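Asks: Contents of coords00.txt (compact mmCIF, C-alpha atoms) are below:
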# COMPACT_ATOMS: atom_id res chain seq x y z
CA MET A 1 125.79 98.15 113.71
CA ASN A 2 122.86 98.14 111.24
CA GLY A 3 122.72 101.92 110.96
CA VAL A 4 119.92 103.98 109.42
CA LEU A 5 117.74 102.39 106.77
CA VAL A 6 115.71 104.73 104.57
CA VAL A 7 112.85 103.19 102.57
CA GLY A 8 112.01 105.44 99.66
CA ALA A 9 114.72 106.87 97.41
CA SER A 10 113.04 110.04 96.21
CA ALA A 11 113.64 113.60 97.43
CA ALA A 12 112.68 113.12 101.09
CA GLY A 13 114.57 109.88 101.55
CA LEU A 14 117.68 111.21 99.83
CA ALA A 15 117.59 114.44 101.83
CA THR A 16 117.41 112.44 105.06
CA ALA A 17 120.43 110.36 104.12
CA GLN A 18 122.42 113.43 103.08
CA ALA A 19 121.48 115.35 106.22
CA LEU A 20 122.64 112.49 108.42
CA ARG A 21 126.04 112.56 106.76
CA ALA A 22 126.23 116.37 106.83
CA ARG A 23 125.53 116.32 110.58
CA GLY A 24 128.26 113.84 111.32
CA HIS A 25 126.53 110.46 111.41
CA ALA A 26 129.29 107.94 110.77
CA GLY A 27 127.33 104.70 110.80
CA PRO A 28 125.86 102.84 107.83
CA VAL A 29 123.17 104.62 105.78
CA ARG A 30 121.21 102.59 103.23
CA LEU A 31 118.68 104.01 100.80
CA VAL A 32 116.14 101.53 99.40
CA GLY A 33 114.22 102.55 96.27
CA GLU A 34 111.47 100.70 94.44
CA GLU A 35 112.32 102.32 91.11
CA PRO A 36 115.47 101.32 89.18
CA HIS A 37 116.70 104.92 88.89
CA PRO A 38 118.96 106.95 91.16
CA PRO A 39 117.00 109.52 93.24
CA TYR A 40 115.32 112.08 91.00
CA ASP A 41 113.13 115.16 91.37
CA ARG A 42 109.41 114.81 90.62
CA PRO A 43 108.19 118.41 90.09
CA PRO A 44 109.86 118.68 86.64
CA LEU A 45 107.92 115.64 85.40
CA SER A 46 104.74 117.63 84.75
CA LYS A 47 106.64 120.57 83.28
CA GLN A 48 110.17 120.37 81.86
CA VAL A 49 110.24 116.60 81.27
CA LEU A 50 106.73 116.44 79.86
CA SER A 51 107.42 119.35 77.52
CA GLY A 52 110.71 117.81 76.36
CA ALA A 53 112.80 120.75 77.58
CA TRP A 54 114.68 118.39 79.92
CA GLY A 55 115.90 114.88 79.49
CA ALA A 56 115.50 112.47 82.38
CA GLU A 57 119.15 112.91 83.37
CA ARG A 58 118.49 116.51 84.47
CA THR A 59 116.07 115.34 87.14
CA VAL A 60 118.69 113.21 88.91
CA LEU A 61 119.38 114.57 92.40
CA ARG A 62 122.46 112.46 93.16
CA ALA A 63 124.27 110.05 90.86
CA PRO A 64 125.24 106.65 92.30
CA ALA A 65 128.91 107.65 92.37
CA GLU A 66 128.09 110.75 94.43
CA LEU A 67 126.08 108.67 96.89
CA ALA A 68 128.93 106.21 97.20
CA ALA A 69 131.33 109.08 97.92
CA LEU A 70 129.06 110.12 100.78
CA GLY A 71 129.01 106.61 102.15
CA ILE A 72 125.33 106.15 101.28
CA GLU A 73 124.50 102.69 99.95
CA LEU A 74 121.82 102.87 97.25
CA LEU A 75 119.66 99.77 96.79
CA PRO A 76 117.51 100.51 93.70
CA GLY A 77 114.80 98.30 92.28
CA ARG A 78 113.88 96.88 95.68
CA ARG A 79 110.28 96.95 96.91
CA ALA A 80 109.57 96.78 100.63
CA VAL A 81 106.67 94.45 101.47
CA ALA A 82 106.67 94.14 105.27
CA LEU A 83 107.98 95.72 108.47
CA ASP A 84 108.67 94.00 111.78
CA THR A 85 109.27 96.72 114.36
CA ALA A 86 110.04 94.23 117.15
CA ALA A 87 112.85 92.62 115.13
CA ARG A 88 113.81 95.98 113.58
CA GLU A 89 113.80 94.64 110.05
CA ILE A 90 112.00 95.05 106.77
CA THR A 91 111.30 92.39 104.17
CA LEU A 92 111.77 93.07 100.46
CA ALA A 93 109.93 91.45 97.58
CA GLY A 94 111.79 88.21 96.98
CA GLY A 95 112.32 87.60 100.68
CA GLU A 96 115.50 89.56 101.46
CA ARG A 97 115.52 91.05 104.95
CA LEU A 98 117.28 94.22 106.03
CA ARG A 99 117.85 95.13 109.68
CA TYR A 100 118.12 98.65 111.05
CA ASP A 101 118.91 100.67 114.14
CA ASP A 102 116.66 103.49 112.93
CA LEU A 103 114.18 103.28 110.07
CA VAL A 104 112.99 106.24 107.99
CA LEU A 105 109.82 105.80 105.93
CA ALA A 106 109.89 107.94 102.78
CA THR A 107 107.68 105.95 100.42
CA GLY A 108 105.64 108.92 99.20
CA LEU A 109 102.38 108.59 97.30
CA THR A 110 100.47 106.40 94.89
CA PRO A 111 98.19 108.07 92.30
CA ARG A 112 94.50 107.62 93.00
CA ARG A 113 92.64 105.75 90.26
CA LEU A 114 89.05 106.00 89.04
CA PRO A 115 87.88 102.39 88.55
CA ALA A 116 85.52 103.34 85.73
CA PHE A 117 88.53 104.50 83.70
CA ASP A 118 90.76 101.45 84.22
CA GLY A 119 91.57 99.49 81.10
CA PRO A 120 91.47 101.67 77.97
CA ALA A 121 94.70 102.60 76.22
CA GLY A 122 95.50 106.29 76.34
CA VAL A 123 94.58 106.72 80.03
CA HIS A 124 97.47 108.04 82.11
CA THR A 125 98.54 108.97 85.60
CA LEU A 126 101.72 110.93 86.30
CA ARG A 127 104.01 110.02 89.18
CA THR A 128 107.18 108.45 87.76
CA LEU A 129 109.66 109.04 84.94
CA GLU A 130 108.07 106.18 83.02
CA ASP A 131 104.65 107.82 83.40
CA ALA A 132 106.02 111.09 82.02
CA ARG A 133 107.63 109.34 79.05
CA ARG A 134 104.41 107.52 78.16
CA LEU A 135 102.30 110.64 78.43
CA ARG A 136 104.75 112.71 76.39
CA ALA A 137 104.73 110.09 73.63
CA ASP A 138 100.94 110.34 73.46
CA LEU A 139 100.93 114.14 73.53
CA ARG A 140 103.18 114.24 70.47
CA THR A 141 100.53 112.46 68.39
CA VAL A 142 97.06 113.20 69.82
CA ARG A 143 94.84 116.16 68.93
CA ARG A 144 92.73 116.34 72.10
CA LEU A 145 93.65 115.77 75.73
CA ALA A 146 91.27 115.61 78.67
CA VAL A 147 92.57 116.05 82.21
CA ILE A 148 90.36 114.98 85.09
CA GLY A 149 91.33 116.95 88.18
CA ALA A 150 92.12 120.66 88.40
CA GLY A 151 94.52 120.50 91.34
CA VAL A 152 98.18 121.46 91.10
CA LEU A 153 99.21 118.46 89.02
CA GLY A 154 96.23 118.56 86.66
CA CYS A 155 96.66 122.28 86.04
CA GLU A 156 100.39 121.88 85.35
CA ILE A 157 99.78 119.03 82.92
CA ALA A 158 97.10 121.06 81.13
CA ALA A 159 99.43 124.05 80.83
CA THR A 160 102.35 121.96 79.56
CA ALA A 161 100.18 120.04 77.10
CA ARG A 162 99.03 123.29 75.48
CA THR A 163 102.64 124.09 74.57
CA LEU A 164 102.78 120.80 72.65
CA GLY A 165 99.75 121.53 70.50
CA PRO A 166 96.77 119.42 71.64
CA GLU A 167 93.45 120.94 72.54
CA VAL A 168 93.05 120.55 76.31
CA THR A 169 89.93 120.18 78.42
CA LEU A 170 90.29 120.38 82.21
CA ILE A 171 87.46 118.70 84.14
CA ASP A 172 86.78 119.08 87.87
CA PRO A 173 83.71 119.02 90.13
CA ALA A 174 84.92 122.09 92.05
CA PRO A 175 83.80 125.51 90.78
CA LEU A 176 87.36 126.81 90.28
CA PRO A 177 90.80 125.28 89.68
CA MET A 178 92.96 124.90 92.79
CA ALA A 179 90.45 126.81 94.94
CA ASP A 180 91.20 124.55 97.89
CA ARG A 181 94.86 125.65 97.75
CA LEU A 182 94.59 129.26 96.60
CA GLY A 183 91.24 130.53 97.79
CA ALA A 184 88.52 131.69 95.41
CA PRO A 185 89.89 135.15 94.40
CA VAL A 186 93.26 133.81 93.17
CA ALA A 187 91.64 130.67 91.74
CA ARG A 188 89.47 132.92 89.54
CA LEU A 189 92.63 134.54 88.19
CA LEU A 190 94.08 131.10 87.52
CA ALA A 191 90.94 130.07 85.64
CA GLY A 192 91.32 133.16 83.47
CA LEU A 193 94.98 132.36 82.83
CA HIS A 194 94.09 128.89 81.57
CA ARG A 195 91.32 130.20 79.34
CA ASP A 196 93.66 132.85 77.93
CA HIS A 197 95.95 130.02 76.82
CA GLY A 198 93.23 128.00 75.16
CA VAL A 199 92.39 125.49 77.89
CA THR A 200 88.70 124.59 78.04
CA LEU A 201 87.61 124.58 81.70
CA LEU A 202 84.74 122.33 82.67
CA THR A 203 84.58 123.13 86.37
CA GLY A 204 81.54 122.17 88.38
CA THR A 205 81.56 119.05 86.24
CA THR A 206 81.85 115.36 87.11
CA ALA A 207 83.61 112.83 84.89
CA GLU A 208 81.38 109.76 84.77
CA ALA A 209 82.70 107.20 82.30
CA PRO A 210 85.10 106.72 79.39
CA VAL A 211 84.13 106.56 75.76
CA THR A 212 86.26 104.04 73.88
CA ASP A 213 86.76 102.62 70.41
CA GLY A 214 88.82 99.50 69.83
CA GLY A 215 90.06 99.53 73.41
CA ARG A 216 91.36 103.11 73.29
CA ILE A 217 89.97 106.22 74.94
CA THR A 218 88.09 108.52 72.55
CA GLY A 219 86.24 110.68 75.03
CA VAL A 220 84.76 111.22 78.47
CA LEU A 221 81.11 111.23 79.49
CA THR A 222 80.59 114.05 81.96
CA SER A 223 77.68 115.54 83.88
CA ARG A 224 77.59 118.25 81.19
CA GLY A 225 77.76 115.91 78.22
CA PRO A 226 80.48 114.12 76.23
CA VAL A 227 84.00 115.49 75.77
CA ALA A 228 86.14 114.24 72.88
CA ALA A 229 89.62 113.12 73.86
CA ASP A 230 92.36 111.05 72.22
CA ALA A 231 94.20 110.76 75.55
CA LEU A 232 93.20 111.22 79.17
CA VAL A 233 95.10 112.05 82.36
CA LEU A 234 93.73 111.17 85.77
CA ALA A 235 95.00 113.79 88.23
CA VAL A 236 92.51 113.13 91.01
CA GLY A 237 94.93 113.10 93.91
CA SER A 238 97.12 110.50 95.54
CA VAL A 239 97.15 108.29 98.60
CA PRO A 240 100.10 107.64 100.92
CA ALA A 241 102.03 104.52 99.96
CA THR A 242 101.48 102.64 103.22
CA GLY A 243 99.94 99.36 102.04
CA TRP A 244 103.09 97.41 102.86
CA LEU A 245 102.92 98.63 106.48
CA HIS A 246 99.62 96.95 107.37
CA GLY A 247 100.24 94.58 110.25
CA SER A 248 103.39 96.43 111.32
CA GLY A 249 101.79 97.94 114.42
CA LEU A 250 102.22 101.50 113.13
CA THR A 251 99.15 103.75 113.13
CA LEU A 252 98.09 104.33 109.52
CA ASP A 253 95.58 107.13 109.06
CA ASP A 254 95.97 109.12 105.84
CA GLY A 255 99.68 108.42 106.07
CA VAL A 256 101.99 107.20 108.81
CA LEU A 257 100.81 108.88 112.00
CA CYS A 258 103.69 110.43 113.94
CA ASP A 259 104.34 112.59 116.97
CA ALA A 260 105.61 116.17 116.77
CA ARG A 261 109.14 114.88 116.03
CA CYS A 262 107.92 112.83 113.02
CA ARG A 263 108.45 109.65 115.06
CA ALA A 264 105.99 106.87 114.28
CA ALA A 265 107.30 104.37 116.86
CA ALA A 266 110.52 103.66 118.70
CA HIS A 267 113.32 103.95 116.12
CA VAL A 268 110.81 104.49 113.26
CA TRP A 269 110.37 107.89 111.58
CA ALA A 270 108.47 109.22 108.57
CA VAL A 271 109.28 112.05 106.17
CA GLY A 272 107.77 113.74 103.13
CA ASP A 273 104.37 113.00 101.61
CA VAL A 274 103.79 109.81 103.59
CA ALA A 275 104.20 111.41 107.04
CA ARG A 276 101.20 112.69 109.00
CA TRP A 277 102.57 114.27 112.14
CA TRP A 278 101.38 116.39 115.05
CA HIS A 279 102.04 120.02 114.13
CA GLU A 280 102.37 121.87 117.43
CA GLY A 281 101.86 125.24 115.76
CA GLN A 282 98.51 124.18 114.30
CA GLY A 283 97.40 121.89 117.12
CA ARG A 284 96.46 119.06 114.80
CA ALA A 285 97.89 116.24 112.72
CA VAL A 286 99.07 117.47 109.31
CA ARG A 287 100.22 115.82 106.10
CA LEU A 288 101.81 117.97 103.40
CA GLU A 289 102.30 117.03 99.76
CA ASN A 290 104.93 119.36 98.39
CA ARG A 291 108.58 119.39 97.43
CA SER A 292 109.75 121.82 100.09
CA HIS A 293 108.33 119.68 102.87
CA ALA A 294 110.29 116.70 101.58
CA THR A 295 113.51 118.53 102.46
CA GLU A 296 112.26 120.26 105.61
CA SER A 297 110.94 117.07 107.19
CA ALA A 298 114.11 115.20 106.22
CA LEU A 299 116.26 117.77 108.00
CA ALA A 300 114.03 117.58 111.06
CA VAL A 301 114.13 113.78 111.23
CA ALA A 302 117.87 113.56 110.62
CA GLY A 303 118.40 115.96 113.51
CA ASN A 304 116.06 114.02 115.79
CA ILE A 305 117.70 110.69 114.98
CA LEU A 306 120.94 112.29 116.12
CA GLY A 307 119.38 113.56 119.36
CA ALA A 308 118.09 117.05 118.62
CA ASP A 309 114.61 116.25 120.01
CA ARG A 310 112.92 119.19 118.25
CA PRO A 311 109.32 119.43 117.00
CA HIS A 312 108.74 119.86 113.28
CA ARG A 313 106.77 123.10 112.83
CA PRO A 314 107.09 124.29 109.22
CA VAL A 315 105.08 126.98 107.51
CA PRO A 316 103.46 125.06 104.61
CA TYR A 317 104.78 126.15 101.22
CA PHE A 318 104.37 125.12 97.61
CA TRP A 319 104.87 126.61 94.18
CA THR A 320 103.54 125.88 90.72
CA ASP A 321 104.52 127.03 87.23
CA GLN A 322 101.67 127.35 84.71
CA HIS A 323 101.61 129.18 81.36
CA GLY A 324 104.78 131.08 82.24
CA VAL A 325 103.49 132.22 85.63
CA ARG A 326 105.03 131.16 88.95
CA ILE A 327 102.56 131.03 91.82
CA GLN A 328 104.05 130.66 95.31
CA VAL A 329 101.96 129.93 98.38
CA PHE A 330 102.73 129.98 102.10
CA GLY A 331 100.24 128.85 104.69
CA ASP A 332 96.61 128.22 103.75
CA PRO A 333 95.06 131.07 101.73
CA ALA A 334 91.85 129.07 101.24
CA ALA A 335 91.20 129.37 104.99
CA GLY A 336 90.94 133.15 104.73
CA ASP A 337 87.80 135.25 104.59
CA ARG A 338 89.56 138.31 103.13
CA LEU A 339 92.38 138.78 100.62
CA ARG A 340 94.51 141.88 101.02
CA VAL A 341 96.90 142.85 98.19
CA THR A 342 100.14 144.11 99.71
CA GLU A 343 102.28 144.53 96.61
CA GLY A 344 101.61 144.94 92.89
CA ASP A 345 98.22 144.60 91.23
CA PRO A 346 96.25 141.49 90.21
CA ALA A 347 95.22 143.35 87.05
CA THR A 348 98.86 143.30 85.91
CA ARG A 349 99.28 139.68 87.10
CA THR A 350 102.23 140.56 89.31
CA PHE A 351 101.28 140.81 92.96
CA VAL A 352 101.51 139.57 96.53
CA ALA A 353 98.40 139.08 98.63
CA VAL A 354 97.79 138.09 102.23
CA ALA A 355 94.77 135.98 103.12
CA GLU A 356 93.29 136.80 106.51
CA ALA A 357 90.76 135.06 108.74
CA ALA A 358 89.18 137.27 111.41
CA GLY A 359 91.99 139.77 110.81
CA ARG A 360 94.77 137.22 111.31
CA PRO A 361 97.12 136.26 108.42
CA VAL A 362 96.62 132.61 107.42
CA GLY A 363 98.19 132.52 103.96
CA VAL A 364 100.32 134.40 101.46
CA VAL A 365 100.15 134.17 97.66
CA GLY A 366 102.74 135.51 95.26
CA TRP A 367 101.95 135.73 91.54
CA ASN A 368 105.21 136.25 89.64
CA SER A 369 106.59 137.96 92.77
CA PRO A 370 109.24 135.72 94.34
CA ARG A 371 110.95 138.41 96.37
CA GLY A 372 107.73 139.92 97.69
CA VAL A 373 106.20 136.63 98.71
CA ARG A 374 109.33 135.63 100.61
CA GLY A 375 109.13 138.86 102.57
CA ALA A 376 105.45 138.39 103.36
CA ARG A 377 106.13 134.87 104.62
CA ALA A 378 107.32 136.37 107.91
CA LEU A 379 103.70 137.14 108.74
CA LEU A 380 103.08 133.41 109.11
CA THR A 381 106.21 132.34 110.97
CA PRO A 382 105.14 130.50 114.12
CA PRO A 383 106.28 131.96 117.45
Please lay out the structure from this file as structure tokens.
Replies:
Amino acid sequence: MNGVLVVGASAAGLATAQALRARGHAGPVRLVGEEPHPPYDRPPLSKQVLSGAWGAERTVLRAPAELAALGIELLPGRRAVALDTAAREITLAGGERLRYDDLVLATGLTPRRLPAFDGPAGVHTLRTLEDARRLRADLRTVRRLAVIGAGVLGCEIAATARTLGPEVTLIDPAPLPMADRLGAPVARLLAGLHRDHGVTLLTGTTAEAPVTDGGRITGVLTSRGPVAADALVLAVGSVPATGWLHGSGLTLDDGVLCDARCRAAAHVWAVGDVARWWHEGQGRAVRLENRSHATESALAVAGNILGADRPHRPVPYFWTDQHGVRIQVFGDPAAGDRLRVTEGDPATRTFVAVAEAAGRPVGVVGWNSPRGVRGARALLTPP
């Protein structure tokens, strides 16, 4: 028996392995990770780890000894380079081959790069522990940080960086930060929050080229003129880590394309950020990049491997912590044409609001209101 092989040892892969054991799977479970670390949590990287409040050890989700006690074999520092679905085996860098009865793809994302900004020292992306350590080392010495990209990650990095002292400029071509996730009314509040904490917002602005001196970044040329910067973070999104799957026969289209059960092919499944599956509740293929979906999809796939045969129909959810504020989001508030406050008051920056489209709830936003937003979530629960 070859058992279940999970490729990707981050939150989604680990949760799949644990769920299999919790639901009584007695066969082999192997967890292959490209990084040398035991499975760790990524959301703290842009907040607690970057600020220095946490050491790397606090991000560990399961120590190797705990995995061994569960009968999960961890294979760290191994990079998958090919998949043969007919032979039911993967090939690792170096030529080692691993066979499986069921394969779970949990390889996550790769940060998107801007080719014009490749090369200079002081240019960062943030995806791994090593990335966070390098960026933190720079933030302890630089006076000015520029962040290109005002999505969730870029906004969190900007907020954390301000606590460490540097001046921060946040650059994005969109008119408001995170408007595509929050909708314009809440995004305007978020813009005000950043300005209140000293972040310079250059929204509606395109980053065009780096300014360098001696091979190090010293600024950014933008559509509104130059911006001085001693360090730069590219937070312009990510792409699913599927390059190694080309030629495997799987359908790759903004992720690993799956059916409603998160099944990509016979005995091949996908979970977390890399999975793009048919969401029966929405009637379309969906890919979600958030921590809660890592666990939810893992539970769904573990159940389906063991015969549950149930569609995966989550209500999308994410949260973000910025400048001491926790924002929680269910559904898709940006799809609404009206925002209705149901609890609290935006003026006091403690509230819950429901986004509606043609009178139908499509999203819920909680601003420092964890209990209220959980209650409002029921409005979006699929039948």
Asks: Between atom CA of A:Leu109 and atom CA of A:Leu190, what is the distance in Å, rounded to a tenth?
Replies: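 Distance between the two atoms: 25.9 Å.
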Asks: Skipping near chain neighbours, those fewer than 3 positions away, what residues fall within 6 Å of A:Thr110 using all atoms listed in the file, listed as a PDB file with C-alpha atoms, in the frame of the given file?
Replies:
ATOM      1  CA  SER A 238      97.120 110.500  95.540  1.00  0.00           C
ATOM      2  CA  VAL A 239      97.150 108.290  98.600  1.00  0.00           C
ATOM      3  CA  ALA A 241     102.030 104.520  99.960  1.00  0.00           C
TER       4      ALA A 241
END
Asks: Contacts between stretch 120-128 of chain A and stretch 215-261 of chain A, please, where a residue of stretch 215-261 of chain A counts if it comes within 12 Å (with only C-alpha atoms); show its shortest atom pair and distance in Å to one decimal, rows by chain and ascending number, as a Markdown table.
Replies:
| residue | atom | partner | partner_atom | distance |
| --- | --- | --- | --- | --- |
| A:Gly215 | CA | A:Pro120 | CA | 5.2 |
| A:Arg216 | CA | A:Ala121 | CA | 4.5 |
| A:Ile217 | CA | A:Pro120 | CA | 5.7 |
| A:Thr218 | CA | A:Gly122 | CA | 8.6 |
| A:Gly219 | CA | A:Gly122 | CA | 10.3 |
| A:Val220 | CA | A:Val123 | CA | 10.9 |
| A:Ala229 | CA | A:Gly122 | CA | 9.3 |
| A:Asp230 | CA | A:Gly122 | CA | 7.0 |
| A:Ala231 | CA | A:Gly122 | CA | 4.7 |
| A:Leu232 | CA | A:Val123 | CA | 4.8 |
| A:Val233 | CA | A:His124 | CA | 4.7 |
| A:Leu234 | CA | A:Thr125 | CA | 5.3 |
| A:Ala235 | CA | A:Thr125 | CA | 6.5 |
| A:Val236 | CA | A:Thr125 | CA | 9.1 |
| A:Gly237 | CA | A:Thr125 | CA | 10.0 |
| A:Ser238 | CA | A:Arg127 | CA | 9.4 |
| A:Val239 | CA | A:Arg127 | CA | 11.8 |
Asks: So, with all atoms listed in the file as the atoms that count, which of A:Val301, A:Ala191, A:Ala53, A:Leu135 lies closest to A:Ile157?
Replies: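 So, comparing all the options, the nearest one is A:Leu135.
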Asks: Taking only C-alpha atoms into account, which of A:Ala63, A:Ala106, A:Ala207, A:Val329 comes nearest A:Ala270?
Replies: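 Using only C-alpha atoms, the shortest distance to A:Ala270 belongs to A:Ala106.
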Asks: Quick check, in Å to one decimal: how far apart do atom CA of A:Trp54 and atom CA of A:Thr160 lie?
Replies: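 Distance between the two atoms: 12.8 Å.
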Asks: Provide stretch 195-207 of chain A rebuilt to N, CA, C and O atoms, formatted as a PDB file, in the frame of the given file.
Replies:
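Full text of part.pdb as output:
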ATOM      1  N   ARG A 195      92.158 129.890  80.510  1.00  0.00           N
ATOM      2  CA  ARG A 195      91.320 130.200  79.340  1.00  0.00           C
ATOM      3  C   ARG A 195      92.077 131.057  78.332  1.00  0.00           C
ATOM      4  O   ARG A 195      91.938 130.866  77.124  1.00  0.00           O
ATOM      5  N   ASP A 196      92.875 132.003  78.832  1.00  0.00           N
ATOM      6  CA  ASP A 196      93.660 132.850  77.930  1.00  0.00           C
ATOM      7  C   ASP A 196      94.613 132.034  77.074  1.00  0.00           C
ATOM      8  O   ASP A 196      94.989 132.462  75.973  1.00  0.00           O
ATOM      9  N   HIS A 197      95.010 130.872  77.554  1.00  0.00           N
ATOM     10  CA  HIS A 197      95.950 130.020  76.820  1.00  0.00           C
ATOM     11  C   HIS A 197      95.246 128.859  76.124  1.00  0.00           C
ATOM     12  O   HIS A 197      95.892 127.891  75.708  1.00  0.00           O
ATOM     13  N   GLY A 198      93.950 128.958  75.999  1.00  0.00           N
ATOM     14  CA  GLY A 198      93.230 128.000  75.160  1.00  0.00           C
ATOM     15  C   GLY A 198      92.767 126.741  75.845  1.00  0.00           C
ATOM     16  O   GLY A 198      92.293 125.818  75.169  1.00  0.00           O
ATOM     17  N   VAL A 199      92.890 126.657  77.174  1.00  0.00           N
ATOM     18  CA  VAL A 199      92.390 125.490  77.890  1.00  0.00           C
ATOM     19  C   VAL A 199      90.885 125.639  78.102  1.00  0.00           C
ATOM     20  O   VAL A 199      90.421 126.687  78.555  1.00  0.00           O
ATOM     21  N   THR A 200      90.132 124.608  77.777  1.00  0.00           N
ATOM     22  CA  THR A 200      88.700 124.590  78.040  1.00  0.00           C
ATOM     23  C   THR A 200      88.483 124.100  79.467  1.00  0.00           C
ATOM     24  O   THR A 200      88.896 122.987  79.812  1.00  0.00           O
ATOM     25  N   LEU A 201      87.860 124.939  80.302  1.00  0.00           N
ATOM     26  CA  LEU A 201      87.610 124.580  81.700  1.00  0.00           C
ATOM     27  C   LEU A 201      86.189 124.083  81.855  1.00  0.00           C
ATOM     28  O   LEU A 201      85.232 124.819  81.567  1.00  0.00           O
ATOM     29  N   LEU A 202      86.058 122.868  82.311  1.00  0.00           N
ATOM     30  CA  LEU A 202      84.740 122.330  82.670  1.00  0.00           C
ATOM     31  C   LEU A 202      84.753 122.115  84.183  1.00  0.00           C
ATOM     32  O   LEU A 202      84.879 120.994  84.683  1.00  0.00           O
ATOM     33  N   THR A 203      84.671 123.217  84.918  1.00  0.00           N
ATOM     34  CA  THR A 203      84.580 123.130  86.370  1.00  0.00           C
ATOM     35  C   THR A 203      83.114 122.944  86.750  1.00  0.00           C
ATOM     36  O   THR A 203      82.219 123.136  85.938  1.00  0.00           O
ATOM     37  N   GLY A 204      82.898 122.527  87.987  1.00  0.00           N
ATOM     38  CA  GLY A 204      81.540 122.170  88.380  1.00  0.00           C
ATOM     39  C   GLY A 204      81.003 121.004  87.584  1.00  0.00           C
ATOM     40  O   GLY A 204      79.803 120.857  87.381  1.00  0.00           O
ATOM     41  N   THR A 205      81.910 120.133  87.156  1.00  0.00           N
ATOM     42  CA  THR A 205      81.560 119.050  86.240  1.00  0.00           C
ATOM     43  C   THR A 205      82.169 117.734  86.731  1.00  0.00           C
ATOM     44  O   THR A 205      83.335 117.684  87.114  1.00  0.00           O
ATOM     45  N   THR A 206      81.392 116.678  86.673  1.00  0.00           N
ATOM     46  CA  THR A 206      81.850 115.360  87.110  1.00  0.00           C
ATOM     47  C   THR A 206      82.133 114.471  85.905  1.00  0.00           C
ATOM     48  O   THR A 206      81.321 114.394  84.980  1.00  0.00           O
ATOM     49  N   ALA A 207      83.289 113.832  85.908  1.00  0.00           N
ATOM     50  CA  ALA A 207      83.610 112.830  84.890  1.00  0.00           C
ATOM     51  C   ALA A 207      82.963 111.509  85.292  1.00  0.00           C
ATOM     52  O   ALA A 207      83.169 111.028  86.408  1.00  0.00           O
TER      53      ALA A 207
END
